[in-house]
Every structure is written in C-alpha cells, then in structure tokens.
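The file final-v9.cif contains mmCIF, C-alpha atoms:
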```
data_structure
loop_
_atom_site.label_atom_id
_atom_site.label_comp_id
_atom_site.auth_asym_id
_atom_site.auth_seq_id
_atom_site.Cartn_x
_atom_site.Cartn_y
_atom_site.Cartn_z
CA MET F 1 -22.67 -1.67 0.06
CA GLU F 2 -22.19 -1.33 -3.68
CA SER F 3 -22.20 2.28 -4.71
CA SER F 4 -23.62 3.91 -7.80
CA LEU F 5 -21.53 6.95 -6.85
CA LEU F 6 -18.32 4.95 -7.17
CA GLN F 7 -19.50 3.47 -10.48
CA GLU F 8 -20.30 6.90 -11.88
CA CYS F 9 -17.01 8.43 -10.76
CA ALA F 10 -15.11 5.49 -12.25
CA ARG F 11 -17.02 5.81 -15.52
CA ARG F 12 -16.31 9.53 -15.80
CA ALA F 13 -12.65 9.02 -14.93
CA GLY F 14 -12.19 6.16 -17.39
CA LEU F 15 -11.21 3.55 -14.78
CA ARG F 16 -12.06 0.11 -16.16
CA ARG F 17 -13.54 -2.38 -13.67
CA PRO F 18 -11.91 -0.94 -10.55
CA ALA F 19 -12.19 -2.47 -7.09
CA VAL F 20 -12.77 0.41 -4.66
CA ILE F 21 -13.32 1.11 -0.97
CA TRP F 22 -14.23 4.58 0.34
CA GLU F 23 -14.60 4.83 4.11
CA PRO F 24 -15.06 8.16 5.91
CA LEU F 25 -13.28 8.25 9.28
CA GLU F 26 -15.99 10.29 10.93
CA PRO F 27 -18.98 9.27 13.07
CA GLY F 28 -21.92 8.45 10.83
CA GLY F 29 -19.81 8.32 7.67
CA GLU F 30 -21.12 5.79 5.16
CA PRO F 31 -18.56 3.37 3.70
CA LEU F 32 -18.91 2.61 0.00
CA ALA F 33 -17.56 -0.36 -1.94
CA LEU F 34 -17.38 -1.33 -5.59
CA ASP F 35 -16.44 -4.87 -6.71
CA ALA F 36 -14.31 -5.14 -3.58
CA GLU F 37 -14.36 -8.95 -3.44
CA ARG F 38 -12.49 -9.41 -6.71
CA THR F 39 -9.03 -10.96 -6.40
CA ILE F 40 -6.36 -8.68 -7.88
CA TYR F 41 -2.59 -8.99 -7.55
CA PRO F 42 -1.50 -6.28 -5.05
CA ALA F 43 1.92 -5.43 -6.54
CA SER F 44 3.74 -3.00 -4.22
CA THR F 45 0.73 -2.37 -1.98
CA ILE F 46 1.93 -5.55 -0.22
CA LYS F 47 4.71 -3.42 1.30
CA THR F 48 2.37 -1.65 3.73
CA PRO F 49 1.30 -4.78 5.65
CA LEU F 50 4.89 -6.08 5.49
CA ALA F 51 6.13 -2.95 7.28
CA ALA F 52 3.24 -3.28 9.73
CA ALA F 53 4.38 -6.85 10.47
CA ALA F 54 7.88 -5.57 11.27
CA LEU F 55 6.47 -3.00 13.71
CA LEU F 56 4.28 -5.60 15.40
CA LEU F 57 7.16 -8.05 15.76
CA ALA F 58 9.32 -5.29 17.21
CA ALA F 59 6.58 -4.44 19.74
CA ARG F 60 6.54 -8.10 20.79
CA GLY F 61 10.30 -8.12 21.22
CA GLU F 62 10.80 -10.65 18.44
CA ARG F 63 12.72 -8.14 16.32
CA ARG F 64 14.53 -4.85 16.95
CA LEU F 65 13.98 -1.82 14.75
CA ASP F 66 17.56 -0.67 15.31
CA GLU F 67 19.07 -4.07 14.52
CA ARG F 68 21.47 -3.79 11.58
CA ARG F 69 22.39 -6.53 9.13
CA SER F 70 24.21 -6.44 5.81
CA VAL F 71 22.06 -6.25 2.69
CA ARG F 72 22.48 -9.39 0.59
CA ALA F 73 23.31 -9.26 -3.11
CA GLU F 74 20.64 -11.92 -3.73
CA ASN F 75 17.96 -9.34 -2.96
CA LEU F 76 19.01 -6.85 -5.63
CA THR F 77 16.46 -5.99 -8.29
CA LEU F 78 15.43 -2.92 -10.26
CA ASN F 79 13.43 -0.04 -8.77
CA ASP F 80 11.67 2.95 -10.28
CA ALA F 81 14.37 5.04 -8.61
CA PRO F 82 17.90 4.02 -7.62
CA SER F 83 17.95 2.10 -4.35
CA PRO F 84 19.64 3.88 -1.44
CA ILE F 85 20.95 0.54 -0.15
CA GLU F 86 23.64 -1.63 -1.69
CA PRO F 87 25.00 -5.11 -0.94
CA GLY F 88 27.04 -5.07 2.24
CA TYR F 89 25.35 -1.97 3.68
CA ALA F 90 24.25 -2.61 7.28
CA ALA F 91 20.61 -1.52 7.12
CA SER F 92 18.42 -1.28 10.20
CA LEU F 93 14.97 -2.83 10.22
CA GLU F 94 13.47 0.65 10.56
CA GLU F 95 15.34 1.86 7.47
CA LEU F 96 14.09 -1.07 5.44
CA CYS F 97 10.48 -0.35 6.45
CA ARG F 98 10.78 3.33 5.60
CA TYR F 99 12.42 2.72 2.22
CA ALA F 100 9.87 0.04 1.34
CA ILE F 101 7.07 2.55 1.95
CA ASP F 102 8.21 6.06 1.05
CA ARG F 103 10.39 4.97 -1.91
CA SER F 104 8.63 1.67 -2.67
CA ASP F 105 12.10 0.12 -2.67
CA ASN F 106 12.12 -3.52 -3.80
CA VAL F 107 15.54 -4.32 -2.35
CA ALA F 108 14.42 -3.16 1.10
CA THR F 109 11.24 -5.20 0.70
CA ASN F 110 13.13 -8.36 -0.17
CA GLU F 111 15.39 -7.85 2.85
CA LEU F 112 12.26 -7.60 5.00
CA PHE F 113 11.06 -10.94 3.62
CA ASP F 114 14.29 -12.52 4.86
CA ARG F 115 14.43 -10.81 8.23
CA LEU F 116 10.80 -11.28 9.20
CA GLY F 117 10.08 -14.63 7.57
CA ARG F 118 7.14 -14.75 5.22
CA GLU F 119 5.12 -17.23 7.27
CA ARG F 120 5.65 -15.32 10.53
CA ALA F 121 4.80 -12.01 8.87
CA THR F 122 1.62 -13.49 7.38
CA ALA F 123 0.56 -14.93 10.72
CA ILE F 124 1.02 -11.75 12.74
CA VAL F 125 -0.90 -9.42 10.38
CA ARG F 126 -3.74 -11.93 10.35
CA GLU F 127 -3.76 -12.45 14.12
CA GLU F 128 -3.09 -8.88 15.28
CA LEU F 129 -4.69 -6.80 12.50
CA GLY F 130 -7.39 -9.08 11.13
CA LEU F 131 -5.99 -9.03 7.59
CA ALA F 132 -7.43 -12.43 6.81
CA GLY F 133 -6.72 -12.37 3.08
CA THR F 134 -3.17 -11.00 3.25
CA ALA F 135 -0.18 -13.28 2.65
CA PHE F 136 3.50 -12.90 1.82
CA HIS F 137 4.71 -15.52 -0.64
CA ARG F 138 7.26 -14.20 -3.13
CA LYS F 139 9.97 -11.56 -3.16
CA LEU F 140 9.53 -8.66 -5.57
CA SER F 141 11.25 -8.13 -8.91
CA GLY F 142 11.58 -4.83 -10.73
CA SER F 143 11.78 -6.48 -14.13
CA ASP F 144 11.93 -9.80 -15.95
CA PRO F 145 13.43 -12.27 -15.39
CA LEU F 146 12.20 -12.57 -11.81
CA ILE F 147 14.84 -12.75 -9.13
CA ALA F 148 15.68 -16.17 -7.71
CA ASP F 149 13.61 -16.92 -4.61
CA PRO F 150 14.37 -20.44 -3.35
CA GLN F 151 11.87 -20.15 -0.48
CA TRP F 152 8.94 -19.50 -2.83
CA ASP F 153 6.62 -22.49 -3.18
CA GLY F 154 6.35 -21.90 -6.93
CA GLU F 155 2.59 -21.48 -6.80
CA HIS F 156 1.16 -18.77 -4.55
CA ARG F 157 1.42 -15.05 -5.19
CA ASN F 158 1.41 -12.26 -2.62
CA ALA F 159 -2.09 -11.27 -1.52
CA HIS F 160 -3.48 -8.06 0.00
CA PRO F 161 -7.13 -7.58 -1.01
CA VAL F 162 -8.82 -4.22 -1.29
CA ARG F 163 -10.78 -4.80 1.93
CA ASP F 164 -7.62 -5.71 3.85
CA ALA F 165 -5.86 -2.63 2.49
CA ALA F 166 -8.72 -0.38 3.61
CA ARG F 167 -8.84 -2.04 7.03
CA LEU F 168 -5.10 -1.54 7.51
CA PHE F 169 -5.26 2.15 6.57
CA ARG F 170 -8.12 2.65 9.02
CA LEU F 171 -6.15 0.94 11.80
CA ILE F 172 -3.16 3.15 10.99
CA ALA F 173 -5.30 6.30 11.09
CA GLU F 174 -6.79 5.21 14.43
CA ARG F 175 -3.33 4.40 15.88
CA ALA F 176 -4.73 0.97 16.66
CA PHE F 177 -1.40 -0.91 16.87
CA PRO F 178 2.15 -0.15 17.99
CA GLY F 179 4.11 1.85 15.44
CA ALA F 180 1.08 2.99 13.44
CA GLU F 181 2.23 6.61 13.77
CA PHE F 182 5.56 5.73 12.14
CA LEU F 183 3.79 3.96 9.31
CA GLU F 184 1.48 6.90 8.61
CA GLY F 185 4.49 9.19 8.63
CA TRP F 186 6.29 7.10 6.01
CA LEU F 187 3.13 6.89 3.92
CA GLY F 188 2.85 10.67 4.13
CA GLU F 189 6.36 11.02 2.70
CA GLN F 190 5.46 8.97 -0.38
CA ARG F 191 7.53 10.06 -3.37
CA TRP F 192 5.24 8.50 -6.01
CA ASN F 193 2.29 10.88 -6.37
CA ASP F 194 1.06 10.42 -9.94
CA LYS F 195 -2.30 8.76 -9.20
CA LEU F 196 -4.92 9.66 -6.57
CA SER F 197 -2.73 12.53 -5.35
CA LEU F 198 -3.45 14.35 -8.62
CA GLY F 199 -7.05 14.84 -7.48
CA LEU F 200 -6.33 16.51 -4.15
CA SER F 201 -7.56 20.00 -3.31
CA ALA F 202 -5.46 22.76 -1.77
CA GLY F 203 -4.60 21.90 1.84
CA ASP F 204 -5.29 18.18 1.47
CA ARG F 205 -2.81 15.57 2.69
CA PHE F 206 -2.65 11.99 1.47
CA ALA F 207 -0.64 9.28 3.27
CA HIS F 208 -0.65 6.46 0.75
CA LYS F 209 0.98 3.56 -1.08
CA THR F 210 0.90 2.75 -4.78
CA GLY F 211 1.34 -0.51 -6.70
CA ASP F 212 2.40 -0.92 -10.31
CA THR F 213 3.12 -3.62 -12.88
CA SER F 214 2.56 -3.99 -16.61
CA GLU F 215 -0.82 -5.54 -15.71
CA VAL F 216 -2.13 -3.59 -12.69
CA THR F 217 -2.06 -0.11 -11.21
CA HIS F 218 -3.26 0.72 -7.67
CA ASP F 219 -3.28 3.45 -5.06
CA GLY F 220 -4.73 3.80 -1.59
CA GLY F 221 -4.30 5.54 1.71
CA ILE F 222 -5.58 8.04 4.26
CA LEU F 223 -6.98 11.33 2.97
CA THR F 224 -7.05 14.34 5.29
CA THR F 225 -8.74 17.42 3.84
CA GLY F 226 -7.67 20.96 4.52
CA ASP F 227 -10.53 21.38 6.99
CA GLY F 228 -9.73 18.17 8.87
CA ARG F 229 -12.12 15.61 7.39
CA ARG F 230 -10.59 12.16 6.95
CA ALA F 231 -11.34 9.12 4.85
CA VAL F 232 -9.71 5.92 3.67
CA ILE F 233 -9.70 5.30 -0.06
CA VAL F 234 -8.31 2.27 -1.91
CA VAL F 235 -8.47 1.77 -5.68
CA TYR F 236 -7.16 -1.36 -7.43
CA THR F 237 -7.39 -1.80 -11.19
CA GLU F 238 -6.37 -4.42 -13.72
CA MET F 239 -5.13 -1.76 -16.12
CA PRO F 240 -1.42 -1.51 -16.99
CA SER F 241 0.48 1.19 -15.18
CA THR F 242 0.96 3.94 -17.76
CA PRO F 243 0.98 7.73 -17.37
CA GLU F 244 -2.40 7.93 -19.08
CA ASN F 245 -4.04 5.29 -16.89
CA ASN F 246 -2.48 6.63 -13.71
CA ALA F 247 -3.79 10.12 -14.44
CA ARG F 248 -7.32 8.65 -14.43
CA PHE F 249 -6.91 8.04 -10.69
CA GLY F 250 -6.56 11.77 -10.14
CA THR F 251 -9.82 12.47 -11.96
CA PHE F 252 -11.52 9.75 -9.91
CA MET F 253 -10.22 11.17 -6.63
CA ARG F 254 -11.35 14.69 -7.47
CA LEU F 255 -14.84 13.55 -8.48
CA LEU F 256 -15.33 11.24 -5.48
CA ARG F 257 -13.80 13.60 -2.93
CA ASN F 258 -15.97 16.48 -4.01
CA GLU F 259 -19.18 14.44 -4.22
CA ALA F 260 -18.65 12.57 -0.95
CA PHE F 261 -17.70 15.67 1.02
CA GLY F 262 -20.09 18.01 -0.76
CA ASP F 263 -17.17 20.13 -1.93
CA SER F 264 -17.00 21.83 -5.32
CA THR F 265 -13.42 23.07 -4.98
#
```
Could you write out this file's structure as structure tokens?
Amino acid sequence: MESSLLQECARRAGLRRPAVIWEPLEPGGEPLALDAERTIYPASTIKTPLAAAALLLAARGERRLDERRSVRAENLTLNDAPSPIEPGYAASLEELCRYAIDRSDNVATNELFDRLGRERATAIVREELGLAGTAFHRKLSGSDPLIADPQWDGEHRNAHPVRDAARLFRLIAERAFPGAEFLEGWLGEQRWNDKLSLGLSAGDRFAHKTGDTSEVTHDGGILTTGDGRRAVIVVYTEMPSTPENNARFGTFMRLLRNEAFGDST
C-alpha cells in the first residue's frame, strides 16, 4: 500500500521522489511502500543478491566457498577505499562475497561476475529467491571511463528493484536459504554508515548495503532495535550521492523508525 507516513517522512527529511519499502518482521506488522514500482539503477546494492547467488551455488555443489583463484588485472577499478585484493592474489569465493558486501569492493564484485557467470547468477536468484526483477549484466566501475567488459551485451544494465531488495533482506532475516546467516553477518559489518545508520537509536543494529553513483544514492537492510523489534527498510533515490543528500537518509530513518514503532527516543 502507498503510505502517507512515508511521504511525510520523506518530505521532512528532504528526500526527493524516493522509492521506499518498510516491512516490519513481526506478526501483524503492516508493510508500507512508496513509489516502489519505479525503475532505478541499483548501483552497489546489486552486490547483495550477487553474494546470495554465490551462497546458493555453493549449497548446490556448483561452486566451493573455499575455492581459490587468482584475481585478474582486468577486474581492477577504483573503490571508495583501497581494495584488499590485488592482481595475482588467490582469493576464495567466500572472501570475495564478504569484501563485496562489508567493504562494497568493486574488484571483488567483478571477480564474482566471472566466477559465477552472470546468466547463472541471474537464474538462481530468480528461481530460488523469487527475485524476478533482478539481473546481473555489467561489471562495476569506480570511475569513468568504465572498465572493459567484453561479455556485456552493450545494452542492459544491472537490475535489483526496491521490492526485490526488500524481499531479499526479509529472506536473509528469516534464514530462508543456505548461507543467509553469513550474509547477514557481512551486512552487519558494513563499513559505510553515512545514510540510514545516522538515524539509529541507542542499541539499534542495522545490517545493510548502500549504493552510490553521481546520479543515485541508496541504502537498505535489516533493522533490529535495542528491544528486539525488527523491520526491513529499503530506500532508493535518484539524487546524487553527496554528504548532504546522504545525511537526509538519517533524518528519514529517525522519523520513520520513531513513528512506525511509536518511539520518541
């Protein structure tokens, strides 16, 4: 359902035309949505379903999490922080997943594209997790010019809609697929906490993943309050990622959290 509460919180926070899902993970909790059908480029939020695909393929025996292969120089690109992996380093599949999530590492993500196969990864998250709108098409670049990606079809962009993101976080919270506990752990170790995390109250925990470009800024994950209440929240915007815009997410989180949970802290 469309929510006037989400609209009002977005207005007060200064978020322009956000796409939002709020879903309490408690019996009787009412999910709220705002403009959730709009197509928005996911940026680095695509890394969460990509790591989930690796865990699913490992559970099927198609891949091994401890399998090590040398990182290829072709996958190098800039990151917001220096990458812990360099060409020639024999990285395990588990390491690549963790770095892609908790550091949002682009090099690790591009290695995952190669090791999993973008078509196979797309198929398994759709079949096993019901992420019907999610697709892996192009490797990630930390800056212009974009890195060479010969396997890209030259047309399609990565896709991970707000509704798919919320569904995946709920499945992770419910431990609904093999490896979900690892994924929530990596999300909980997120080093980029300049958006929704700014609106947390004392004792809250937020296992989440951000996404940033010069055109979009996103955040979403699993909120656990100090007294044990849980909810999924996903916010995508078509605002550039700047310190000022990102801080608006914190205001939005504080307003929504307190209104939805009846908490004035």
Could you tell me how far atom CA of F:Val232 sits from atom CA of F:Trp22, in Å to one decimal place?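 It comes out at 5.8 Å.
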Could you spell out the hits of the PyMOL selection byres ((chain F and resi 87-98) around 6) on the shown file, as a list in words?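 Applied to this file, the PyMOL selection byres ((chain F and resi 87-98) around 6) returns Ala51, Leu65, Asp66, Glu67, Arg68, Arg69, Ser70, Val71, Arg72, Ala73, Glu86, Tyr99, Ala100, Ile101, Asp102, Ala108 and Trp186 of chain F.
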Selected residues written out with C-alpha atoms, as a PDB file, in the frame of the given file:
```pdb
ATOM      1  CA  ALA F  51       6.130  -2.950   7.280  1.00  0.00           C
ATOM      2  CA  LEU F  65      13.980  -1.820  14.750  1.00  0.00           C
ATOM      3  CA  ASP F  66      17.560  -0.670  15.310  1.00  0.00           C
ATOM      4  CA  GLU F  67      19.070  -4.070  14.520  1.00  0.00           C
ATOM      5  CA  ARG F  68      21.470  -3.790  11.580  1.00  0.00           C
ATOM      6  CA  ARG F  69      22.390  -6.530   9.130  1.00  0.00           C
ATOM      7  CA  SER F  70      24.210  -6.440   5.810  1.00  0.00           C
ATOM      8  CA  VAL F  71      22.060  -6.250   2.690  1.00  0.00           C
ATOM      9  CA  ARG F  72      22.480  -9.390   0.590  1.00  0.00           C
ATOM     10  CA  ALA F  73      23.310  -9.260  -3.110  1.00  0.00           C
ATOM     11  CA  GLU F  86      23.640  -1.630  -1.690  1.00  0.00           C
ATOM     12  CA  TYR F  99      12.420   2.720   2.220  1.00  0.00           C
ATOM     13  CA  ALA F 100       9.870   0.040   1.340  1.00  0.00           C
ATOM     14  CA  ILE F 101       7.070   2.550   1.950  1.00  0.00           C
ATOM     15  CA  ASP F 102       8.210   6.060   1.050  1.00  0.00           C
ATOM     16  CA  ALA F 108      14.420  -3.160   1.100  1.00  0.00           C
ATOM     17  CA  TRP F 186       6.290   7.100   6.010  1.00  0.00           C
TER      18      TRP F 186
END
```
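Within 8 Å of stretch 146-150 of chain F, once all atoms listed in the file are used and residues closer than 5 positions along the same chain are dropped, the contacting residues are Glu74, Asn75, Thr77, Arg138, Lys139, Leu140 and Ser141 of chain F.
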Mind telling me what the PyMOL selection byres ((chain F and resi 211) around 8) catches here, as a list in words? Pro42, Ala43, Ser44, Thr45, Lys209, Thr210, Asp212, Thr213, Val216, Thr217, His218 and Asp219 of chain F
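Close contacts of F:Gly188, defined as residues with an atom at most 10 Å away when counting all atoms listed in the file, with chain neighbours fewer than 5 positions off set aside, comprise Ile101, Asp102, Phe182, Leu183, Arg205, Phe206, Ala207, His208, Lys209, Gly221, Ile222 and Leu223 of chain F.
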For F:Leu256, which residue out of F:Leu57, F:Leu6, F:Val235, F:Ala36 is the nearest one, using all atoms listed in the file?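 Among the listed residues, F:Leu6 lies closest to F:Leu256.
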Atom-to-atom span, atom CA of F:Gln151 and atom CA of F:Tyr41, Å: 19.6 Å
